[in-house]
Amino acid sequence: MWQSYLFSVMKWLLIVGIVSVIGYVAICIFLVLVQQRFIFFPSSVIEITPENVNLSYEDVWLPVSEKKGKLERIHGWWIPANSYMSDFQDVVLYFHGNGGNIGANVEKAYKFHKLGFDVLLIDYRSYGRSTGNFPSEAQIYQDIEIVWNYLVNQREINPQNILVCGHSLGGSIAIELATRHPQMAGLIIKSSFTSMQNMVNYQDGIYKLFPVKLLLHQKFDSISKLRKLDIPILLVHGTEDMSVPAYMSEQLFGVTPAEIQYLYIVPGAGHNNVTAIAGDEYLHIINDFINQLNNHLLNHK
């Protein structure tokens with residue numbers, strides 16, 4: 001009797017085990033297939049344009065070919081400087097984070113405009129008015145290469161006059177662009193992270209149950225890239241950032257071999273309000289950084 005009962009229990013345990021394994025594997029496959037949906041949150045609704053803050057601008061449309069031959073377009077805003085109040089010239093190329101679109105970053109562009117820069121705000125494919133497939137890491141890297149070529153080839157801007165700024169995920173994107181074009185003037189990385197792997201580890205939760213290192217194909221591995229990147233860099237982060245911890249900017253700062261490197265930690269600032277909380281001090285820090293870039297260029301001519 002007990003043998004029959006034991007056999008029945010073992011049979012059910014085996015069935016439960018098989019079902020659990022199948023379910024676990026199915027979730028792993030799901031995480032691989034829809035991984036981008038946990039990372040990118042594009043919005044097509046643009047609520048603010050440069051006109052709302054009294055900035056003149058022009059729309060920029062850049063063609064990009066999809067794999068199937070379909071022609072899509074990347075959209076951005078070119079905001080020309082009124083005057084060159086900064087000794088540093090020319091352009092700030094601004095990359096926003098994983099959510100929203102360029103409309104949410106007009107105020108940030110305005111800060112650079114006040115310093116006398118031309119500014120190019122750009123939306124990755126499927127963000128804002130840009131068309132195309134749902135984004136991926138590889139696709140975004142294609143987009144920024146097109147944007148870089150637009151500045152250098154069409155607008156004929158010297159790469160040494162292009163300062164690249166990225167916020168959050170945009171910081172990781174800016175670092176990738178710097179690995180491709182290290183002749184750029186420098187990087188301003190705001191509220192960004194070390195890698196997507198480390199972000200998953202930081203968020204903890206249910207993801208710990210899965211082999212994230214094996215499943216993760218959207219890597220955004222900034223810290224590995226920055227170790228090999230000798231380029232002037234300013235890292236900015238808020239102490240109260242609940243999305244990306246400030247220690248990640250400290251870790252990025254710790255590995256950069258750059259001769260010119262700044263780390264600016266803003267007390268009381270969160271993930272999206274660093275520039276607002278820092279106020280005029282933020283502009284002073286950027287000016288100091290720019291002056292260092294100018295001196296560096298003069299000494300290496």
# chains A, B, ... in the order shown; residues from 1 in each chain; ligands from 1
call {"tool": "residues_around", "arguments": {"residues": "Phe253 in chain A", "least_positions_apart": "5", "cutoff": "8 Å", "atoms": "only C-alpha atoms", "output": "ChimeraX atom specification"}}
result
/A:235,261-263
call {"tool": "write_last_selection", "arguments": {"atoms": "N, CA, C and O atoms", "output": "PDB file, in the first residue's frame"}}
result
ATOM      1  N   LEU A 235      31.194  63.846 -15.243  1.00  0.00           N
ATOM      2  CA  LEU A 235      30.115  62.991 -14.751  1.00  0.00           C
ATOM      3  C   LEU A 235      29.311  63.757 -13.707  1.00  0.00           C
ATOM      4  O   LEU A 235      29.882  64.357 -12.786  1.00  0.00           O
ATOM      5  N   GLN A 261      39.079  64.976 -16.170  1.00  0.00           N
ATOM      6  CA  GLN A 261      37.937  64.237 -15.621  1.00  0.00           C
ATOM      7  C   GLN A 261      37.361  64.984 -14.427  1.00  0.00           C
ATOM      8  O   GLN A 261      38.080  65.431 -13.540  1.00  0.00           O
ATOM      9  N   TYR A 262      36.041  65.117 -14.442  1.00  0.00           N
ATOM     10  CA  TYR A 262      35.319  65.808 -13.372  1.00  0.00           C
ATOM     11  C   TYR A 262      34.215  64.876 -12.860  1.00  0.00           C
ATOM     12  O   TYR A 262      33.584  64.160 -13.646  1.00  0.00           O
ATOM     13  N   LEU A 263      33.984  64.931 -11.574  1.00  0.00           N
ATOM     14  CA  LEU A 263      32.825  64.261 -10.986  1.00  0.00           C
ATOM     15  C   LEU A 263      32.087  65.298 -10.143  1.00  0.00           C
ATOM     16  O   LEU A 263      32.645  65.867  -9.204  1.00  0.00           O
TER      17      LEU A 263
END
call {"tool": "residues_around", "arguments": {"residues": "Ile102 in chain A", "least_positions_apart": "2", "cutoff": "9 Å", "atoms": "only C-alpha atoms", "output": "PyMOL selection string"}}
result
chain A and resi 46+48-49+76-77+95-96+100+104-106+121-123+127-128
call {"tool": "write_last_selection", "arguments": {"atoms": "all heavy atoms", "output": "CSV table (one decimal), in the first residue's frame"}}
result
chain,number,residue,atom,x,y,z
A,46,ILE,N,4.9,64.8,-28.3
A,46,ILE,CA,5.9,65.9,-28.0
A,46,ILE,C,5.1,67.1,-27.4
A,46,ILE,O,4.3,67.7,-28.0
A,46,ILE,CB,6.6,66.4,-29.2
A,46,ILE,CG1,7.6,65.2,-29.7
A,46,ILE,CG2,7.5,67.6,-28.9
A,46,ILE,CD1,8.4,65.6,-30.9
A,48,ILE,N,6.5,69.8,-25.5
A,48,ILE,CA,7.2,71.0,-25.5
A,48,ILE,C,8.2,71.1,-26.7
A,48,ILE,O,8.8,70.1,-27.0
A,48,ILE,CB,8.0,71.2,-24.2
A,48,ILE,CG1,7.1,71.2,-23.0
A,48,ILE,CG2,8.8,72.5,-24.2
A,48,ILE,CD1,7.8,71.2,-21.6
A,49,THR,N,8.2,72.2,-27.3
A,49,THR,CA,9.2,72.4,-28.4
A,49,THR,C,10.1,73.6,-28.0
A,49,THR,O,9.8,74.3,-27.0
A,49,THR,CB,8.5,72.8,-29.7
A,49,THR,OG1,8.0,74.1,-29.7
A,49,THR,CG2,7.5,71.8,-30.1
A,76,GLY,N,15.0,65.3,-35.3
A,76,GLY,CA,15.7,66.1,-34.3
A,76,GLY,C,15.5,67.6,-34.4
A,76,GLY,O,14.8,68.0,-35.4
A,77,TRP,N,16.0,68.3,-33.5
A,77,TRP,CA,15.9,69.8,-33.5
A,77,TRP,C,17.3,70.4,-33.5
A,77,TRP,O,18.1,70.1,-32.6
A,77,TRP,CB,15.1,70.4,-32.3
A,77,TRP,CG,13.7,70.1,-32.4
A,77,TRP,CD1,12.8,70.0,-33.4
A,77,TRP,CD2,12.8,69.8,-31.2
A,77,TRP,NE1,11.5,69.8,-33.1
A,77,TRP,CE2,11.5,69.6,-31.7
A,77,TRP,CE3,13.0,69.7,-29.9
A,77,TRP,CZ2,10.4,69.3,-30.9
A,77,TRP,CZ3,12.0,69.4,-29.0
A,77,TRP,CH2,10.7,69.2,-29.5
A,95,PHE,N,21.8,63.4,-26.1
A,95,PHE,CA,21.1,62.2,-26.1
A,95,PHE,C,20.2,62.0,-24.8
A,95,PHE,O,20.8,62.0,-23.7
A,95,PHE,CB,22.0,61.0,-26.2
A,95,PHE,CG,22.8,60.9,-27.5
A,95,PHE,CD1,24.2,60.7,-27.4
A,95,PHE,CD2,22.3,61.2,-28.7
A,95,PHE,CE1,25.0,60.6,-28.6
A,95,PHE,CE2,23.0,61.1,-29.9
A,95,PHE,CZ,24.4,60.9,-29.8
A,96,HIS,N,18.9,61.8,-25.0
A,96,HIS,CA,18.1,61.7,-23.8
A,96,HIS,C,18.0,60.2,-23.4
A,96,HIS,O,18.7,59.3,-24.0
A,96,HIS,CB,16.6,62.2,-24.2
A,96,HIS,CG,15.9,61.4,-25.3
A,96,HIS,ND1,15.5,60.1,-25.1
A,96,HIS,CD2,15.6,61.8,-26.5
A,96,HIS,CE1,14.9,59.8,-26.2
A,96,HIS,NE2,14.9,60.7,-27.1
A,100,GLY,N,10.2,58.9,-22.8
A,100,GLY,CA,9.8,60.2,-23.4
A,100,GLY,C,10.4,60.4,-24.8
A,100,GLY,O,10.5,59.6,-25.6
A,104,ALA,N,10.9,66.5,-23.8
A,104,ALA,CA,11.1,66.5,-22.3
A,104,ALA,C,12.5,67.0,-22.0
A,104,ALA,O,12.8,67.1,-20.8
A,104,ALA,CB,10.9,65.1,-21.7
A,105,ASN,N,13.3,67.3,-23.0
A,105,ASN,CA,14.7,67.7,-22.8
A,105,ASN,C,15.0,69.1,-23.3
A,105,ASN,O,16.2,69.5,-23.4
A,105,ASN,CB,15.6,66.7,-23.4
A,105,ASN,CG,15.5,65.4,-22.8
A,105,ASN,OD1,16.2,65.1,-21.8
A,105,ASN,ND2,14.7,64.5,-23.3
A,106,VAL,N,14.0,69.9,-23.6
A,106,VAL,CA,14.2,71.2,-24.1
A,106,VAL,C,14.9,72.1,-23.1
A,106,VAL,O,15.8,72.9,-23.4
A,106,VAL,CB,12.8,71.9,-24.6
A,106,VAL,CG1,13.0,73.3,-24.9
A,106,VAL,CG2,12.3,71.1,-25.8
A,121,LEU,N,19.3,68.2,-30.6
A,121,LEU,CA,18.5,67.3,-29.8
A,121,LEU,C,18.0,66.2,-30.8
A,121,LEU,O,17.5,66.6,-31.9
A,121,LEU,CB,17.3,67.9,-29.1
A,121,LEU,CG,17.6,68.7,-27.8
A,121,LEU,CD1,16.3,69.4,-27.5
A,121,LEU,CD2,18.0,67.8,-26.7
A,122,ILE,N,18.2,65.0,-30.5
A,122,ILE,CA,17.8,63.9,-31.4
A,122,ILE,C,16.9,62.8,-30.8
A,122,ILE,O,17.1,62.5,-29.6
A,122,ILE,CB,19.1,63.3,-32.1
A,122,ILE,CG1,18.7,62.7,-33.4
A,122,ILE,CG2,19.7,62.3,-31.2
A,122,ILE,CD1,18.6,63.8,-34.5
A,123,ASP,N,16.0,62.3,-31.5
A,123,ASP,CA,15.2,61.2,-31.1
A,123,ASP,C,15.6,59.9,-31.8
A,123,ASP,O,15.7,59.9,-33.0
A,123,ASP,CB,13.7,61.4,-31.3
A,123,ASP,CG,12.9,62.0,-30.1
A,123,ASP,OD1,13.3,61.7,-29.0
A,123,ASP,OD2,12.0,62.8,-30.4
A,127,TYR,N,11.0,57.0,-31.2
A,127,TYR,CA,10.8,58.1,-30.2
A,127,TYR,C,10.3,59.3,-30.9
A,127,TYR,O,10.8,59.7,-32.0
A,127,TYR,CB,12.0,58.4,-29.4
A,127,TYR,CG,12.4,57.4,-28.4
A,127,TYR,CD1,13.1,56.2,-28.7
A,127,TYR,CD2,12.1,57.6,-27.0
A,127,TYR,CE1,13.4,55.3,-27.7
A,127,TYR,CE2,12.5,56.7,-26.1
A,127,TYR,CZ,13.1,55.5,-26.4
A,127,TYR,OH,13.5,54.6,-25.4
A,128,GLY,N,9.4,60.1,-30.3
A,128,GLY,CA,8.9,61.3,-30.8
A,128,GLY,C,8.4,61.2,-32.2
A,128,GLY,O,7.5,60.4,-32.5
call {"tool": "closest_residue", "arguments": {"among": "A:Val34, A:Val60, A:Leu209, A:Thr275", "to": "Leu151 in chain A", "atoms": "only C-alpha atoms"}}
result
A:Val60
call {"tool": "residues_around", "arguments": {"residues": "His271 in chain A", "least_positions_apart": "5", "cutoff": "12 Å", "atoms": "only C-alpha atoms", "output": "mmCIF file with C-alpha atoms, in the first residue's frame"}}
result
data_model
loop_
_atom_site.group_PDB
_atom_site.id
_atom_site.type_symbol
_atom_site.label_atom_id
_atom_site.label_comp_id
_atom_site.auth_asym_id
_atom_site.auth_seq_id
_atom_site.Cartn_x
_atom_site.Cartn_y
_atom_site.Cartn_z
ATOM 1 C CA GLY A 97 17.227 58.647 -21.695
ATOM 2 C CA HIS A 167 21.351 61.600 -19.662
ATOM 3 C CA SER A 168 20.719 58.196 -18.065
ATOM 4 C CA LEU A 169 20.590 55.650 -20.915
ATOM 5 C CA LYS A 190 24.450 62.767 -16.374
ATOM 6 C CA SER A 191 22.741 60.308 -14.021
ATOM 7 C CA SER A 192 23.980 57.299 -15.953
ATOM 8 C CA PHE A 193 24.857 53.714 -15.043
ATOM 9 C CA VAL A 236 27.100 64.485 -12.967
ATOM 10 C CA HIS A 237 24.766 62.690 -10.552
ATOM 11 C CA GLY A 238 22.247 63.444 -7.799
ATOM 12 C CA THR A 239 22.559 61.974 -4.324
ATOM 13 C CA GLU A 240 18.819 61.211 -4.171
ATOM 14 C CA ASP A 241 18.609 59.417 -7.518
ATOM 15 C CA MET A 242 16.331 56.438 -6.872
ATOM 16 C CA SER A 243 16.502 55.169 -10.463
ATOM 17 C CA VAL A 244 20.262 54.974 -10.909
ATOM 18 C CA PRO A 245 22.419 55.144 -7.767
ATOM 19 C CA ALA A 246 25.063 57.862 -7.600
ATOM 20 C CA ILE A 265 27.659 65.067 -7.185
ATOM 21 C CA VAL A 266 24.572 67.221 -6.625
ATOM 22 C CA ALA A 276 17.326 72.250 -11.890
ATOM 23 C CA ILE A 277 18.581 71.479 -8.376
#
call {"tool": "select_by_dssp", "arguments": {"residues": "range 62-195 of chain A", "states": "alpha helix (DSSP H)", "output": "JSON list (two decimals) with C-alpha atoms, in the first residue's frame"}}
result
[["chain", "number", "residue", "atom", "x", "y", "z"],
["A", 106, "VAL", "CA", 14.18, 71.24, -24.14],
["A", 107, "GLU", "CA", 15.02, 72.86, -20.80],
["A", 108, "LYS", "CA", 18.27, 70.90, -20.63],
["A", 109, "ALA", "CA", 19.17, 72.05, -24.13],
["A", 110, "TYR", "CA", 18.37, 75.62, -23.08],
["A", 111, "LYS", "CA", 21.13, 75.45, -20.42],
["A", 112, "PHE", "CA", 23.72, 74.76, -23.11],
["A", 113, "HIS", "CA", 22.22, 77.39, -25.37],
["A", 114, "LYS", "CA", 22.72, 79.96, -22.58],
["A", 137, "GLU", "CA", 20.84, 48.71, -28.47],
["A", 138, "ALA", "CA", 22.25, 47.88, -31.91],
["A", 139, "GLN", "CA", 19.64, 50.00, -33.70],
["A", 140, "ILE", "CA", 20.27, 53.02, -31.51],
["A", 141, "TYR", "CA", 23.99, 52.76, -32.23],
["A", 142, "GLN", "CA", 23.14, 52.87, -35.93],
["A", 143, "ASP", "CA", 21.03, 55.97, -35.32],
["A", 144, "ILE", "CA", 23.74, 57.90, -33.49],
["A", 145, "GLU", "CA", 26.28, 57.07, -36.19],
["A", 146, "ILE", "CA", 23.95, 58.65, -38.74],
["A", 147, "VAL", "CA", 23.56, 61.71, -36.51],
["A", 148, "TRP", "CA", 27.32, 62.03, -36.09],
["A", 149, "ASN", "CA", 27.85, 61.82, -39.85],
["A", 169, "LEU", "CA", 20.59, 55.65, -20.92],
["A", 170, "GLY", "CA", 21.70, 58.51, -23.16],
["A", 171, "GLY", "CA", 24.95, 58.59, -21.17],
["A", 172, "SER", "CA", 25.70, 55.02, -22.14],
["A", 173, "ILE", "CA", 24.83, 55.86, -25.75],
["A", 174, "ALA", "CA", 27.18, 58.86, -25.65],
["A", 175, "ILE", "CA", 30.01, 56.67, -24.35],
["A", 176, "GLU", "CA", 29.47, 54.24, -27.21],
["A", 177, "LEU", "CA", 29.69, 57.09, -29.71],
["A", 178, "ALA", "CA", 32.94, 58.22, -28.08],
["A", 179, "THR", "CA", 34.48, 54.77, -28.62],
["A", 180, "ARG", "CA", 33.74, 55.19, -32.33]]
